[in-house]
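S.K.: Take this structure, written in structure tokens, and hold onto it; I'll ask about it next.
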Amino acid sequence: MEFEETLQIALDRAITREEALFLFEETEKPAKYLKLFEAATAVREKECGNLFRLDGWMGSNIECKIDPPCKYCRRATPGYKWEGWNVSAGQLKEIAEAFKRTGTTTVEIGGGTNPEDAGPTVIEILKVLRESGLDVWVNVGPALEEEHIQEMKRLGVESITSSFETMNERIFHEIKPGDSLEKRKELAHLINDNGVPLISVIMTGIGESYQDRVDHLFYLKELENFYQLAVSWLKVHPKSPLEGTIIPPSPIEAARTVAIGRLIFRDIYINVSDPQHIQLWIMAGANRMVHAGASLHEKGGFSIGGQWVSTGAEHIDVGNGYEVMSILPVTARYIMDAGMEVEPTVQKAVGEYWESATGDATMKAV
Ligand code: SF4
């Protein structure tokens, strides 16, 4: 198999399993991964256009009950305390309006795995956000019954997530000792079989082989309603059970997986939820992100975006000690500077924010 020829063919048709494995093996060096990225961005542009979507995040809605916690999770660090919300339906409306004010059109309702609470809690929040005109996707682990999925579909959910992280059973049980790959597969099929668009996450750098990644990606490809691939890479929190046991990978591993995913899936959304490397994800073929937009937080609480952006974030008070914090003024500019477009609502809201903050609506005044 020739490298250049494989990429040339990939411009016109989806790559095969063998070609995907070949590309993982061949693109460890810059001269070749840059060519891989070039092919992936060409396919993205041809199949999806030039729009990069930035979703809002409303996580921590449900306290996770997985025990013991996944080893890479913040729950597995000493002293971790769940930052749950205590918001009323009235406040939810205010939160929805704050998201809209930032230009956000779509919000993730996220939470941990808790079969007792997840379905009803998500449905309650989903109703309010949908009535407010927001699109919504859901990510609460293997904690939903078929009736919940059907009700969410009736309410117009955009998509529902079931993430495997890895489909290598030995590694799954090693890093997620309290979780069940079988339940996650069952949920993915339930979502797919009910005609609801499916999101799923693949995590790189946890000891999996290239063959594991290829098998995982092609398992997802078999699901006819597979809608969005999310790619992550292992991060080790200080004092977590993984500290000192594994060296986390470079983000390049996630980027190569994004690019090969783009050559396999072609026209679906590919998402990497890490705002620090937006340009890398754009170069690799991604076209959507969460944690790079607006998010609901307890004031002063933990926020992925807040750890990264030191200036330019917008803070909207939503009462009761919470705020919607938007890093869109920064990330929208990054994306446009990298040659892609953001949603018109985001562009307008960010321009207005810059104008009120700096007197300049061009988004160049930092
Ligand atoms: S299921 Fe998610 S929230 Fe729960 S322990 Fe695992 S990573 Fe953490």
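Just remember, in the structure tokens the first chain shown is A, the second B, etc., residues are 1-based per chain, and ligands are 1-based in the order shown.
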Near Ala143 (chain A), counting only C-alpha atoms, which residues have an atom at most 7 Å away, once you skip same-chain residues fewer than 2 positions from it, shown as a VMD selection string?
M.R.: chain A and resid 113 to 115 118 140 to 141 145
S.K.: For the residues in the current selection, export C-alpha atoms as a compact mmCIF listing (two decimals), in the first residue's frame.
M.R.:
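File part_35.txt, as written:
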# COMPACT_ATOMS: atom_id res chain seq x y z
CA THR A 113 -24.15 7.64 35.54
CA ASN A 114 -27.11 7.28 37.86
CA PRO A 115 -29.94 5.04 36.58
CA ALA A 118 -30.77 10.41 34.96
CA VAL A 140 -25.34 10.86 31.04
CA GLY A 141 -23.70 7.45 30.63
CA GLU A 145 -34.19 3.28 29.64
S.K.: Using DSSP on the backbone, list every residue of region 79-213 of chain A that comes out as strand (DSSP E or B), and give them as a list in words.
M.R.: Thr106, Val107, Glu108, Ile109, Gly110, Asp135, Val136, Trp137, Val138, Asn139, Ser159, Ile160, Thr161, Glu165, Leu198, Ile199, Ser200, Val201, Ile202, Met203 and Thr204 of chain A
S.K.: Which of these, A:Gly195, A:Pro241, A:Gly205, A:Pro329, has the shortest distance to Tyr227 (chain A) once you count only C-alpha atoms?
M.R.: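 Looking at the shortest contact to Tyr227 (chain A), the residue is A:Gly195.
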S.K.: What's around Glu323 (chain A) at 8 Å? Count only C-alpha atoms, leave out sequence neighbours fewer than 3 positions away in its own chain, and write the answer as a list in words.
M.R.: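 Residues meeting the cut-off are Leu296, His297, Glu298, Lys299, His315, Ile316, Asp317, Val318 and Gly319 of chain A.
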S.K.: Go through A:Ala14, A:Met152, A:Ala76, A:Leu229 and flag the residue nearest ligand 1, using only C-alpha atoms and all ligand atoms for the distances.
M.R.: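 Among A:Ala14, A:Met152, A:Ala76, A:Leu229, it is A:Ala76 that comes nearest to ligand 1.
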S.K.: To check your reading of the model: which residues sit at most 6 Å from ligand 1 when counting only C-alpha atoms and all ligand atoms? Write the answer as a list in words.
M.R.: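 Residues lying within 6 Å of ligand 1: Cys64, Ile66, Pro69, Cys70, Cys73, Arg75, Gly112 and Thr113 of chain A.
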S.K.: Can you work out which one of A:Val128, A:Thr204, A:Phe22, A:Ala188 has the shortest atom-to-atom distance to Gly90 (chain A), counting only C-alpha atoms?
M.R.: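 Under the stated criterion, the closest residue is A:Val128.
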S.K.: Need the shell around Ser232 (chain A): protein/DNA/RNA residues with any atom at most 7 Å away, counting only C-alpha atoms. Skip same-chain ones fewer than 6 positions apart. Format as a PyMOL selection string?
M.R.: chain A and resi 202-204+254+272
S.K.: Please compute the CA of Asp179 (chain A)-CA of Val107 (chain A) distance, one decimal, in Å.
M.R.: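 Straight-line distance from CA of Asp179 (chain A) to CA of Val107 (chain A) works out to 25.7 Å.
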S.K.: So which residues touch Leu217 (chain A) within 10 Å, counting only C-alpha atoms, skipping near sequence neighbours fewer than 6 positions away, as a list in words?
M.R.: Arg17, Ala20, Met167, Ser200, Val201, Ile202, Gln211, Leu229, Thr257, Ile260, Gly261, Ile264 and Phe265 of chain A
S.K.: Export C-alpha atoms of the chosen residues as a PDB file, in the first residue's frame?
M.R.:
ATOM      1  CA  ARG A  17     -10.137  -0.917   7.792  1.00  0.00           C
ATOM      2  CA  ALA A  20      -7.087   3.097   8.394  1.00  0.00           C
ATOM      3  CA  MET A 167     -13.539  -1.265  23.196  1.00  0.00           C
ATOM      4  CA  SER A 200     -19.764   8.298  21.085  1.00  0.00           C
ATOM      5  CA  VAL A 201     -16.309   9.008  22.506  1.00  0.00           C
ATOM      6  CA  ILE A 202     -13.034   7.227  21.740  1.00  0.00           C
ATOM      7  CA  GLN A 211      -5.877  -2.147  15.706  1.00  0.00           C
ATOM      8  CA  LEU A 229     -17.487  11.128  16.879  1.00  0.00           C
ATOM      9  CA  THR A 257      -7.415   9.804  15.317  1.00  0.00           C
ATOM     10  CA  ILE A 260      -8.362   9.116  10.266  1.00  0.00           C
ATOM     11  CA  GLY A 261     -11.916   9.286  11.671  1.00  0.00           C
ATOM     12  CA  ILE A 264     -13.639   6.962   7.548  1.00  0.00           C
ATOM     13  CA  PHE A 265     -16.858   8.825   8.446  1.00  0.00           C
TER      14      PHE A 265
END
S.K.: Can you tell me, as a PyMOL selection string, which residues in region 65-287 of chain A count as alpha helix (DSSP H) by DSSP?
M.R.: chain A and resi 89-101+118-131+146-154+169-175+181-193+210-221+251-265+278-284
S.K.: Have a look at A:Met1, A:Leu54, A:Leu134, A:Ala259 and name the one nearest to Phe24 (chain A); count only C-alpha atoms.
M.R.: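 Smallest distance to Phe24 (chain A) is found for A:Ala259.
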S.K.: Any idea what's packed within 12 Å of region 351-356 of chain A, counting only C-alpha atoms, ignoring anything in its chain fewer than 2 positions away? Could you give it as JSON, numbers by chain?
M.R.: {"A": [101, 102, 103, 311, 312, 313, 314, 315, 316, 326, 327, 328, 329, 330, 332, 333, 344, 345, 346, 347, 348, 349, 358, 359, 360, 361, 362, 363, 364, 365, 366]}
S.K.: Could you please take those selected residues and save C-alpha atoms as a PDB file, in the first residue's frame?
M.R.:
ATOM      1  CA  ARG A 101     -27.319  35.749  24.783  1.00  0.00           C
ATOM      2  CA  THR A 102     -23.844  34.345  24.065  1.00  0.00           C
ATOM      3  CA  GLY A 103     -25.011  33.219  20.607  1.00  0.00           C
ATOM      4  CA  THR A 311      -8.990  37.328  29.594  1.00  0.00           C
ATOM      5  CA  GLY A 312     -11.870  37.909  27.207  1.00  0.00           C
ATOM      6  CA  ALA A 313     -14.418  35.605  28.841  1.00  0.00           C
ATOM      7  CA  GLU A 314     -17.968  36.863  29.333  1.00  0.00           C
ATOM      8  CA  HIS A 315     -19.675  36.177  32.670  1.00  0.00           C
ATOM      9  CA  ILE A 316     -23.476  36.282  32.894  1.00  0.00           C
ATOM     10  CA  SER A 326     -18.621  32.135  27.782  1.00  0.00           C
ATOM     11  CA  ILE A 327     -15.154  31.830  26.279  1.00  0.00           C
ATOM     12  CA  LEU A 328     -16.658  32.317  22.802  1.00  0.00           C
ATOM     13  CA  PRO A 329     -15.113  35.811  22.515  1.00  0.00           C
ATOM     14  CA  VAL A 330     -11.741  34.029  22.481  1.00  0.00           C
ATOM     15  CA  ALA A 332     -14.641  32.195  17.979  1.00  0.00           C
ATOM     16  CA  ARG A 333     -11.716  34.404  17.047  1.00  0.00           C
ATOM     17  CA  PRO A 344     -23.908  33.565  12.702  1.00  0.00           C
ATOM     18  CA  THR A 345     -25.523  33.897  16.156  1.00  0.00           C
ATOM     19  CA  VAL A 346     -22.128  33.388  17.808  1.00  0.00           C
ATOM     20  CA  GLN A 347     -20.409  35.849  15.490  1.00  0.00           C
ATOM     21  CA  LYS A 348     -23.063  38.493  16.192  1.00  0.00           C
ATOM     22  CA  ALA A 349     -23.061  38.007  19.981  1.00  0.00           C
ATOM     23  CA  THR A 358     -13.562  47.478  24.044  1.00  0.00           C
ATOM     24  CA  GLY A 359     -15.446  49.791  21.674  1.00  0.00           C
ATOM     25  CA  ASP A 360     -14.305  47.641  18.729  1.00  0.00           C
ATOM     26  CA  ALA A 361     -16.637  45.068  17.138  1.00  0.00           C
ATOM     27  CA  THR A 362     -13.991  43.514  14.868  1.00  0.00           C
ATOM     28  CA  MET A 363     -12.926  40.967  17.487  1.00  0.00           C
ATOM     29  CA  LYS A 364      -9.341  42.010  16.950  1.00  0.00           C
ATOM     30  CA  ALA A 365      -9.080  44.157  20.057  1.00  0.00           C
ATOM     31  CA  VAL A 366      -7.748  41.916  22.785  1.00  0.00           C
TER      32      VAL A 366
END
